[in-house]
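Some notes on the structure that comes next.
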Amino acid sequence: MTEPLTTSPALVPLTVRGDDRGSLIAIEGGRDIPFEIARVYYIFDTAPGVVRGLHAHYTLDQWLVCVNGHCIVTLDDGHIRRDVLMSQANVALPVGHMIWHEMRDFAPGTVLMVLASEHYREADYIRDYNAFLSAIRTR
Ligand code: T46
């Protein structure tokens, strides 16, 4: 079950393997991240003023990494809303299932990479906020 936002850490540090050539981060499913990675996608070229996300997932767990630029991710567990500034490639933001999430204020050039525990399935999305609150209450 997803941890409540009051107790879960916002950002998880990723190990940077750096040398005099620069930096590299590797994320291995089931090792560096607590699920096997079924899907990777990334969001880029976001138009100014756009708000993305605006949904929760019934079962999907994800880690978000802002590999370039910056944006704000809002997490909402139905009780608490938390804004997280994502501006570093060496941290990840876990977004568990049944967490409403929104992404906004994308700086030009921002690339938000997402590691997901399941393949894409539209039926896993809750896109109506009131339906999300109802689903939280009936769990
Ligand atoms: C999420 C946040 C962080 C696919 O065909 N396959 C995919 O794996 C994904 C993620 C999307 N799509 C299609 C569905 C839409 O036609 O790509 C289009 C844009 O997807 P969406 O409007 O859902 O994008 P966001 O940025 O609002 O949300 C995405 C993920 O969909 C969502 O799971 O948690 O990023």
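Just remember, in the structure tokens the first chain shown is A, the second B, etc., residues are 1-based per chain, and ligands are 1-based in the order shown.
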### Query
If we count only C-alpha atoms, what is near Val51 of chain A at a cut-off of 7 Å, once residues fewer than 3 positions away on the same chain are taken out, given as a ChimeraX atom specification?
/A:102-104
### Message
Excluding segment 68-72 of chain A and its own-chain neighbours fewer than 5 positions away, which residues fall within 10 Å of it when counting only C-alpha atoms? Please give them as a ChimeraX atom specification.
### Response
/A:44,51,83-89,102-113
### Query
Hey, what's within 10 Å of Leu24 of chain A if we count only C-alpha atoms and toss same-chain stuff fewer than 6 positions away? As an NGL selection string, please?
:A and (15-18 or 89-90)
Each residue of segment 74-96 of chain A lying at most 12 Å from segment 114-124 of chain A should get a row with its shortest atom-to-atom pair and the distance in Å to one decimal, counting only C-alpha atoms; could you produce that, ordered by chain and increasing number, as JSON lines?
{"residue": "A:Ala92", "atom": "CA", "partner": "A:Val114", "partner_atom": "CA", "distance": 9.3}
{"residue": "A:Leu93", "atom": "CA", "partner": "A:Val114", "partner_atom": "CA", "distance": 9.4}
{"residue": "A:Pro94", "atom": "CA", "partner": "A:Leu115", "partner_atom": "CA", "distance": 9.5}
{"residue": "A:Val95", "atom": "CA", "partner": "A:Ala116", "partner_atom": "CA", "distance": 9.6}
{"residue": "A:Gly96", "atom": "CA", "partner": "A:Ser117", "partner_atom": "CA", "distance": 9.9}
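Separating atom 26 (O, counted along the ligand's line) of ligand 1 from atom CA of Ile43 of chain A is a distance of 6.5 Å.
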### Task
List every residue of chain A that DSSP, applied to the backbone, labels as strand (DSSP E), and write the result as a PyMOL selection string.
chain A and resi 12-13+39-43+52-57+62-68+71-76+81-86+91-95+100-104+111-116+125-126
### Query
Near Ile99 of chain A, counting only C-alpha atoms, which residues have an atom at most 9 Å away, once you skip same-chain residues fewer than 3 positions from it, shown as a VMD selection string?
chain A and resid 2 5 55 to 58 75 to 78 95 to 96 132
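Each of A:Gly30, A:Pro48, A:Pro13, A:Gly53 was checked against Ile126 of chain A using only C-alpha atoms; the smallest atom-to-atom distance is that of A:Gly53.
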### Task
Rounded to one decimal place, report the atom CA of Leu133 of chain A-atom CA of Gly49 of chain A distance in Å.
26.1 Å
### Task
Please measure the separation of atom CA of Thr59 of chain A and atom CA of Val91 of chain A, giving the value in Å to one decimal.
23.0 Å
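Among the candidate residues A:Arg127, A:Arg31, A:Arg81, A:Arg21, the one lying nearest to ligand 1 is A:Arg127, with distances computed using only C-alpha atoms and all ligand atoms.
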